[in-house]
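Student: Sharing a structure with you now.
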Amino acid sequence: MSLRIGDYAPNFSAQTTLGEIDFHQWLGDSWGIIYSHPADFTPVCTTELGRTAQLKDEFEKRGTKVAAISTDDLDSHIGWIGDINETQNTQVEFPIIADADKKVATLYNMIHPKFSTTATVRSVYFIDPDKKIQAIITYPASTGRNFAEILRVLDSLQLTAEHSVATPVDWELGQDVIISPSVKQEDVEAKFPKGHRLIKPYLRYTPQPNK
């Protein structure tokens with residue numbers, strides 16, 4: 001059965017480049033991202049894992065732990081990290097999950113049989129501190145992920161989890177957001193003291209509440 005937004009993120013134990021982890025224990029109370037790459041020692045994946053390492057401070061600032069996974073074994077992962085560090089001018093310090101038996105990839109529906117019966121697609125799962133899946137993005141193997149978009153989605157998820165707002169088209173951190181339709185107009189001023197713009201009764205903007 002496919003995982004959907006709102007589903008509980010399955011737990012698992014696995015060997016990683018940072019040792020064995022219990023996924024939920026490793027996440028703790030943090031937000032989490034688990035993402036798959038089709039194979040080690042491949043060009044697009046090398047750039048993606050390099051970018052993840054380069055964005056270490058950005059993920060830490062957002063209280064988010066990141067783990068990568070492919071269906072290669074631990075020795076392959078460890079060997080590959082040297083290439084990533086060398087070619088991407090970085091240091092990989094997040095765990096890469098070894099999943100040679102495809103247990104975790106199957107658990108998270110990362111293998112799409114019409115694409116490949118062995119390699120994963122580029123799946124990204126965003127997981128909140130309650131271990132619920134809050135967003136899913138899937139790319140084909142030929143398309144490298146946009147990590148600016150991954151951070152943007154994470155910012156939106158964290159913002160909307162704490163405030164009664166939604167983020168509009170092309171929104172970026174610091175820009176105005178949309179007041180949730182569930183907030184009655186008579187309550188807007190008290191709830192959003194920075195002010196608001198009424199375009200239509202269902203379309204109301206306010207400055208980002210947590211800035």
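Ordered as shown in the structure tokens, chains take letters A, B, and onward, while each chain numbers its residues from 1 and ligands are numbered from 1 in the order shown.
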Could you list, as a JSON list (two decimals) with all heavy atoms, in the first residue's frame, every residue within 9 Å of Thr47 of chain A, counting only C-alpha atoms and ignoring same-chain residues fewer than 6 positions away?
Tutor:
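Ended up saving to out.json:
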[["chain", "number", "residue", "atom", "x", "y", "z"],
["A", 84, "ILE", "N", 32.28, 11.80, -3.04],
["A", 84, "ILE", "CA", 31.37, 12.94, -2.82],
["A", 84, "ILE", "C", 32.13, 14.10, -2.20],
["A", 84, "ILE", "O", 32.05, 15.25, -2.66],
["A", 84, "ILE", "CB", 30.17, 12.54, -1.92],
["A", 84, "ILE", "CG1", 29.35, 11.44, -2.58],
["A", 84, "ILE", "CG2", 29.30, 13.76, -1.63],
["A", 84, "ILE", "CD1", 28.31, 10.83, -1.64],
["A", 87, "THR", "N", 34.68, 15.57, -4.91],
["A", 87, "THR", "CA", 34.15, 16.25, -6.09],
["A", 87, "THR", "C", 33.23, 17.41, -5.75],
["A", 87, "THR", "O", 33.08, 18.35, -6.55],
["A", 87, "THR", "CB", 33.40, 15.27, -7.01],
["A", 87, "THR", "OG1", 32.25, 14.74, -6.30],
["A", 87, "THR", "CG2", 34.30, 14.12, -7.44],
["A", 88, "GLN", "N", 32.59, 17.36, -4.59],
["A", 88, "GLN", "CA", 31.62, 18.40, -4.21],
["A", 88, "GLN", "C", 32.20, 19.36, -3.17],
["A", 88, "GLN", "O", 31.49, 20.24, -2.68],
["A", 88, "GLN", "CB", 30.32, 17.77, -3.70],
["A", 88, "GLN", "CG", 29.71, 16.76, -4.66],
["A", 88, "GLN", "CD", 29.46, 17.34, -6.04],
["A", 88, "GLN", "OE1", 28.74, 18.34, -6.17],
["A", 88, "GLN", "NE2", 30.04, 16.73, -7.06],
["A", 144, "GLY", "N", 17.72, 15.65, -11.20],
["A", 144, "GLY", "CA", 18.24, 15.95, -9.87],
["A", 144, "GLY", "C", 17.28, 16.84, -9.10],
["A", 144, "GLY", "O", 16.61, 17.70, -9.67]]
Student: Determine, counting only C-alpha atoms, which protein, DNA and RNA residues have an atom within 8 Å of an atom of Asp22 of chain A; residues of the same chain fewer than 2 positions away are not included. Present the result as a PyMOL selection string.
Tutor: chain A and resi 11-14+20+24-26
Student: Filtering to C-alpha atoms, could you give me those residues as a tab-separated table (two decimals), in the first residue's frame?
Tutor:
chain	number	residue	atom	x	y	z
A	11	ASN	CA	9.93	2.72	11.66
A	12	PHE	CA	12.90	0.48	10.86
A	13	SER	CA	16.37	-0.48	12.05
A	14	ALA	CA	19.24	-0.36	9.58
A	20	GLU	CA	23.10	1.17	13.22
A	24	HIS	CA	12.31	6.84	15.08
A	25	GLN	CA	14.80	6.96	17.94
A	26	TRP	CA	17.30	8.67	15.69
Student: Rank nothing, just name the residue among A:Asp176, A:Asp170, A:Glu60, A:Asp101 nearest to Ser30 of chain A, using only C-alpha atoms.
Tutor: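 Ranking A:Asp176, A:Asp170, A:Glu60, A:Asp101 by distance to Ser30 of chain A, first place goes to A:Glu60.
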Student: Within 12 Å of Ser180 of chain A, counting only C-alpha atoms, which residues show up once you throw out same-chain ones fewer than 6 positions away? Write them as a ChimeraX atom specification, please.
Tutor: /A:160-161,163-168,187-188,191-192,201-206
Student: How far is it from atom CA of Val66 of chain A to atom CA of Trp80 of chain A, in Å with one decimal?
Tutor: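 Those two atoms sit 17.8 Å apart.
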Student: Please, which residues of segment 42-185 of chain A, numbered as in this document, come out helix (DSSP H, G or I) from DSSP, as a count of residues only?
Tutor: 55
Student: Which of these, A:Ile34, A:Leu55, A:Thr138, A:Leu18, has the shortest distance to Ile81 of chain A once you count only C-alpha atoms?
Tutor: A:Leu18
